[in-house]
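Below is one structure; the comments refer to it alone.
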Amino acid sequence: MAKEALEDWRRFMQDIKVNSRKVKFHKGEGVFDYKSWKKLQVGDVVKVEKDQFFPADLLLLSSSYEDGICYVETMNLDGETNLKVKRALEVTLPLDEDASFKNFTGKIKCEDPNPSLYTFIGNFEYDHEVYALDPSQILLRDSKLRNTAFVYGVVIFTGHDSKVMQNATKSPSKRSRIERKMDYIIYVLFSLLLVISLVSSIGFAVKTKFDMPDWWYLQPQNTDDYYDPRKPVLSGVTHLITALMLYGYLIPISLYVSIEVVKVLQATFINQDIQMYDEETGNPAQARTSNLNEELGQVDTILSDKTGTLTCNQMDFLKCSIAGTAYGMSSSEVELAAAQQMASDLEDQDVERSTDFRQKGKQQEIELETVVIPKDEMVHKSPIKGFSFEDSRVMEGNWLNEPNADVIMLFFRILAICHTAVPELNEETGNYTYESESPDEAAFLVAAREFGFEFCKRTQSSVFVRERYSASGQTIDREFKLLNMLEFTSKRKRMTVIVRDEDGQILVLCKGADSIIFDRLSKNGRLYEEDTTRHLNEYGEAGLRTLALAYKRLGESEYSAWNNEFQEAKTTIGADRDLMLENIAEMMEKDLILVGATAVEDKLQKGVPQCIDKLAQAGLKIWVLTGDKVETAINIGYACSLLRQGMKQICITEISSDAKEVVKENILLQITNASQMIKLERDPHAAFALIIDGKTLAYALEDDVKQQFLVLAVQCASVICCRVSPKQKALVTRLVKEGTGKTTLAIGDGANDVGMIKEADIGVGISGVEGCNGQ
């Protein structure tokens with residue numbers, strides 16, 4: 001009880017600490033004072049400063065930037081480390097200092113509190129006008145203000161009405177096997193105690209009634225209630241209590257106390273383990289509960305996310321394809337792993353050959369060809385964070401001598417312009433660092449800078465790029481007027497900016513997934529499609545993340561007509577607004593001209609291959625559940641030792657058919673054949689790896705197939721599930737846990753992994769995943 005009380009007290013003190021945080025609020029007459037979070041009320045105007053958390057759900061009124069934008073980190077909400085851009089309504093932009101709130105009044109009408117993080121419907125009445133509100137003006141509690149000196153906002157929802165609290169679910173109670181086993185033993189022992197005590201008390205009652213009157217030396221005519229032959233039932237009951245006390249030592253109460261003390265000490269050791277301390281972030285490991293420690297030694301299956309868990313989620317620009325020509329000489333970790341495997345295969349073949357020769361009595365010498373690399377051509381590791389690209393053809397301005405220099409220049413400009421990042425000047429190095437919405441975007445900007453196209457300033461209406469290399473050989477600062485921005489979403493899988501260059505030409509610059517961009521190319525924009533597709537396949541096999549880049553030029557009249565429709569859709573209030581915006585964006589993002597493609601590497605976390613190798617040797621089964629495509633996942637699997645040399649791969653894929661029953665039967669047949677193949681395998685040391693994608697997994701998780709799928713999967717040493725959704729991650733984890741009855745461990749780092757972490761017997765949340773407390 002003391003231990004549980006201590007853990008509850010710690011959580012209670014954390015709540016008190018959060019609720020007692022101070023924030024500036026408008027007390028009246030343009031004067032701001034401090035107030036604790038718990039005292040905030042709906043309608044309060046607050047001022048939040050850089051690197052502070054938002055105390056409630058706020059409507060953004062203005063920020064330190066002229067155009068009213070601010071940058072928000074939502075890691076505590078959705079697990080994503082990339083920054084989100086929020087924009088204030090234009091009408092409230094003048095409210096950018098304390099005194100301007102002296103006579104500020106307005107009215108907000110909005111939806112009731114609900115758990116949806118990505119939607120918001122409401123109206124803002126100000127100066128006798130009504131303005132529509134959307135999620136881009138809402139700052140949610142538990143997200144943090146970044147790269148912005150301050151913002152002013154109005155409190156909309158507080159406390160349990162805020163969206164983060166609406167999303168809070170009660171964590172499932174997870175108890176260890178030892179605890180459950182101990183409970184079972186205690187029940188048995190307690191039942192035995194009751195039986196012994198009942199038999200003893202019944203015997204005593206019988207003896208008291210029938211035998212005691214003959215025992216003259218006990219004076220039965222002058223006895224008390226406890227030994228009265230006339231009241232044998234009362235005597236039996238009192239003896240039952242005595243027997244329970246006497247035989248109570250059957251129950252090992254001290255065992256519970258001993259185990260609890262051991263668990264608390266183990267949790268303390270975990271928290272203080274220097275080898276689990278991360279120097280970069282200054283975070284130690286945190287055992288949020290001490291109830292599951294001993295489960296770690298009984299784990300049978302590990303289910304892990306890939307991006308950010310096995311990999312660093314820190315991108316390095318490695319290769320690119322421009323105008324059908326591949327650039328970049330560096331090798332990815334996947335390519336290096338593949339080369340090592342090939343070398344290992346060659347060595348094995350050589351050993352076999354030499355054994356054959358010796359058996360035949362022939363003395364033959366085998367010489368391996370040695371490749372000598374001159375010192376000046378040796379590959380050196382680039383020290384620049386986010387940039388591991390090496391190719392002298394495009395570095396140091398040499399791209400000016402390439403055949404398609406104009407296309408290469410356009411490629412670099414797209415990298416430097418098509419983004420939502422903010423530059424920050426590093427006074428020590430003189431270079432700009434970038435705070436971006438995604439690590440890919442930061443890698444593109446670092447690459448553009450190294451190629452000589454440095455993004456150096458952003459205003460409300462312009463993007464400035466410093467171009468170091470030009471035909472004249474001078475450094476030129478170019479201004480690109482930002483006309484429109486069609487932002488990247490997981491549904492659109494692309495981002496587009498429309499800019500006017502210094503010559504007055506309107507350009508549409510687009511980057512996105514290759515499948516999306518290729519579908520939107522014009523007939524004369526496919527000049528480099530075949531070569532670029534080949535390069536993209538090569539990059540995918542090398543485990544790299546790819547994006548395609550395209551553009552088109554617009555006439556004034558064409559742009560004006562489109563912009564009128566776009567502005568009209570933006571100001572529309574109603575359910576059709578998003579659909580209208582999507583359709584109008586589609587009109588612009590077509591008839592594009594392909595420029596090239598980028599390839600960035602998400603490097604593996606330090607020590608991942610060695611760790612997975614050790615776990616495999618210990619007999620643990622490892623499942624990786626990822627959203628990546630099959631080719632990338634397989635190659636990453638080789639790089640991190642999940643797939644090893646000599647391991648036999650079983651790929652379950654769906655056939656192309658309109659009839660769902662036909663597809664399902666085929667998948668069931670593939671699973672049955674694979675299981676049969678494993679049974680007939682004669683080599684006792686043979687290892688198998690199962691690879692399945694999200695669409696196929698949807699059939700495999702259906703009630704009449706999932707048991708056969710599980711039987712096959714548990715016979716394999718490694719399982720890779722590709723293109724899986726967050727819900728599928730949770731369903732797979734539940735299937736493994738309930739189907740095998742063995743201890744499962746889930747590891748994840750994002751909101752997509754919370755379901756998986758909650759379903760597993762033990763959950764590990766990296767980077768403070770919301771929803772993992774006490775797991």
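We name chains A, B, ... following the order of the structure tokens; residues begin at 1 in each chain, and ligands are numbered from 1 as shown.
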> Leaving out Glu589 (chain A) and any residue of its chain fewer than 2 positions from it, which residues lie within 8 Å of it when counting only C-alpha atoms, given as a ChimeraX atom specification?
Replying inline: /A:496,510,520,585-587,591-592
>> Could you go through region 41-178 of chain A and tell me which residues DSSP, when run on the backbone, assigns to helix (DSSP H, G or I), listing them as a PyMOL selection string?
In response: chain A and resi 75-78+90-92+98-101+135-137+159-161+163-167+177-178
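Look at Gln41 (chain A): the protein and nucleic acid residues within 10 Å of it, using only C-alpha atoms and passing over chain neighbours fewer than 4 places away, are Trp37, Val45, Ala56, Val154, Val155, Ile156, Phe157, Thr158 and Gly159 of chain A.
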>> For the structure I just gave you, how does DSSP split region 572-692 of chain A - specifically, which residues are strand (DSSP E)? Reply as number ranges by chain.
In response: A: 593-604, 621-625, 648-652, 688-692
So that I have them on file, write out the residues from the current selection with N, CA and C atoms, as a PDB file, in the first residue's frame.
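Output below, filename result-v6.pdb:
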```pdb
ATOM      1  N   ILE A 593       5.955  19.382 -65.302  1.00  0.00           N
ATOM      2  CA  ILE A 593       7.152  18.921 -66.025  1.00  0.00           C
ATOM      3  C   ILE A 593       8.120  18.345 -64.993  1.00  0.00           C
ATOM      4  N   LEU A 594       8.513  17.083 -65.180  1.00  0.00           N
ATOM      5  CA  LEU A 594       9.390  16.405 -64.221  1.00  0.00           C
ATOM      6  C   LEU A 594      10.799  16.998 -64.276  1.00  0.00           C
ATOM      7  N   VAL A 595      11.341  17.263 -63.086  1.00  0.00           N
ATOM      8  CA  VAL A 595      12.714  17.792 -62.988  1.00  0.00           C
ATOM      9  C   VAL A 595      13.662  16.708 -62.487  1.00  0.00           C
ATOM     10  N   GLY A 596      13.257  15.976 -61.460  1.00  0.00           N
ATOM     11  CA  GLY A 596      14.135  14.934 -60.914  1.00  0.00           C
ATOM     12  C   GLY A 596      13.556  14.351 -59.638  1.00  0.00           C
ATOM     13  N   ALA A 597      14.427  13.739 -58.862  1.00  0.00           N
ATOM     14  CA  ALA A 597      14.002  13.093 -57.616  1.00  0.00           C
ATOM     15  C   ALA A 597      15.112  13.175 -56.583  1.00  0.00           C
ATOM     16  N   THR A 598      14.709  13.152 -55.314  1.00  0.00           N
ATOM     17  CA  THR A 598      15.676  13.179 -54.214  1.00  0.00           C
ATOM     18  C   THR A 598      15.651  11.829 -53.495  1.00  0.00           C
ATOM     19  N   ALA A 599      16.766  11.495 -52.834  1.00  0.00           N
ATOM     20  CA  ALA A 599      16.840  10.275 -52.032  1.00  0.00           C
ATOM     21  C   ALA A 599      17.561  10.601 -50.733  1.00  0.00           C
ATOM     22  N   VAL A 600      16.853  10.474 -49.616  1.00  0.00           N
ATOM     23  CA  VAL A 600      17.465  10.736 -48.309  1.00  0.00           C
ATOM     24  C   VAL A 600      17.481   9.442 -47.497  1.00  0.00           C
ATOM     25  N   GLU A 601      18.447   9.346 -46.610  1.00  0.00           N
ATOM     26  CA  GLU A 601      18.607   8.136 -45.796  1.00  0.00           C
ATOM     27  C   GLU A 601      18.216   8.426 -44.354  1.00  0.00           C
ATOM     28  N   ASP A 602      17.372   7.542 -43.821  1.00  0.00           N
ATOM     29  CA  ASP A 602      17.041   7.594 -42.390  1.00  0.00           C
ATOM     30  C   ASP A 602      17.960   6.587 -41.714  1.00  0.00           C
ATOM     31  N   LYS A 603      19.023   7.081 -41.093  1.00  0.00           N
ATOM     32  CA  LYS A 603      20.061   6.191 -40.576  1.00  0.00           C
ATOM     33  C   LYS A 603      19.556   5.368 -39.388  1.00  0.00           C
ATOM     34  N   LEU A 604      20.137   4.164 -39.246  1.00  0.00           N
ATOM     35  CA  LEU A 604      19.774   3.304 -38.129  1.00  0.00           C
ATOM     36  C   LEU A 604      20.274   3.890 -36.817  1.00  0.00           C
ATOM     37  N   LYS A 621      11.586 -13.743 -30.832  1.00  0.00           N
ATOM     38  CA  LYS A 621      11.034 -13.500 -32.171  1.00  0.00           C
ATOM     39  C   LYS A 621      10.828 -11.997 -32.319  1.00  0.00           C
ATOM     40  N   ILE A 622      11.230 -11.457 -33.473  1.00  0.00           N
ATOM     41  CA  ILE A 622      11.181 -10.006 -33.670  1.00  0.00           C
ATOM     42  C   ILE A 622      10.259  -9.684 -34.841  1.00  0.00           C
ATOM     43  N   TRP A 623       9.260  -8.862 -34.583  1.00  0.00           N
ATOM     44  CA  TRP A 623       8.328  -8.394 -35.609  1.00  0.00           C
ATOM     45  C   TRP A 623       8.561  -6.903 -35.807  1.00  0.00           C
ATOM     46  N   VAL A 624       8.670  -6.467 -37.053  1.00  0.00           N
ATOM     47  CA  VAL A 624       8.757  -5.039 -37.352  1.00  0.00           C
ATOM     48  C   VAL A 624       7.495  -4.632 -38.109  1.00  0.00           C
ATOM     49  N   LEU A 625       6.768  -3.665 -37.565  1.00  0.00           N
ATOM     50  CA  LEU A 625       5.525  -3.183 -38.168  1.00  0.00           C
ATOM     51  C   LEU A 625       5.786  -1.771 -38.669  1.00  0.00           C
ATOM     52  N   LYS A 648      15.554 -18.019 -45.047  1.00  0.00           N
ATOM     53  CA  LYS A 648      14.627 -18.216 -46.163  1.00  0.00           C
ATOM     54  C   LYS A 648      13.430 -17.282 -46.009  1.00  0.00           C
ATOM     55  N   GLN A 649      13.147 -16.520 -47.077  1.00  0.00           N
ATOM     56  CA  GLN A 649      12.076 -15.521 -47.028  1.00  0.00           C
ATOM     57  C   GLN A 649      10.759 -16.098 -47.540  1.00  0.00           C
ATOM     58  N   ILE A 650       9.688 -15.813 -46.799  1.00  0.00           N
ATOM     59  CA  ILE A 650       8.332 -16.190 -47.223  1.00  0.00           C
ATOM     60  C   ILE A 650       7.557 -14.895 -47.435  1.00  0.00           C
ATOM     61  N   CYS A 651       7.208 -14.591 -48.676  1.00  0.00           N
ATOM     62  CA  CYS A 651       6.463 -13.367 -48.986  1.00  0.00           C
ATOM     63  C   CYS A 651       4.998 -13.723 -49.271  1.00  0.00           C
ATOM     64  N   ILE A 652       4.105 -13.167 -48.488  1.00  0.00           N
ATOM     65  CA  ILE A 652       2.665 -13.373 -48.705  1.00  0.00           C
ATOM     66  C   ILE A 652       2.120 -12.112 -49.372  1.00  0.00           C
ATOM     67  N   PHE A 688      13.490 -18.840 -40.866  1.00  0.00           N
ATOM     68  CA  PHE A 688      12.570 -18.292 -41.858  1.00  0.00           C
ATOM     69  C   PHE A 688      12.176 -16.863 -41.488  1.00  0.00           C
ATOM     70  N   ALA A 689      11.915 -16.062 -42.522  1.00  0.00           N
ATOM     71  CA  ALA A 689      11.437 -14.686 -42.321  1.00  0.00           C
ATOM     72  C   ALA A 689      10.151 -14.515 -43.118  1.00  0.00           C
ATOM     73  N   LEU A 690       9.118 -13.995 -42.469  1.00  0.00           N
ATOM     74  CA  LEU A 690       7.828 -13.774 -43.126  1.00  0.00           C
ATOM     75  C   LEU A 690       7.684 -12.293 -43.463  1.00  0.00           C
ATOM     76  N   ILE A 691       7.303 -11.997 -44.710  1.00  0.00           N
ATOM     77  CA  ILE A 691       7.119 -10.606 -45.156  1.00  0.00           C
ATOM     78  C   ILE A 691       5.706 -10.482 -45.726  1.00  0.00           C
ATOM     79  N   ILE A 692       4.945  -9.505 -45.216  1.00  0.00           N
ATOM     80  CA  ILE A 692       3.550  -9.337 -45.635  1.00  0.00           C
ATOM     81  C   ILE A 692       3.219  -7.849 -45.657  1.00  0.00           C
TER      82      ILE A 692
END
```
> Nearest to Leu731 (chain A) among A:Gly452, A:Gly308, A:Gly282, A:Gly694, with distances taken over only C-alpha atoms: which residue is it?
Replying inline: A:Gly694
>> Using Å and a single decimal, report how far CA of Thr148 (chain A) sits from CA of Leu60 (chain A).
In response: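 Value for the CA of Leu60 (chain A)-CA of Thr148 (chain A) distance: 12.7 Å.
Taking CA of Asn404 (chain A) and CA of Cys320 (chain A) as endpoints, the distance between them is 14.3 Å.
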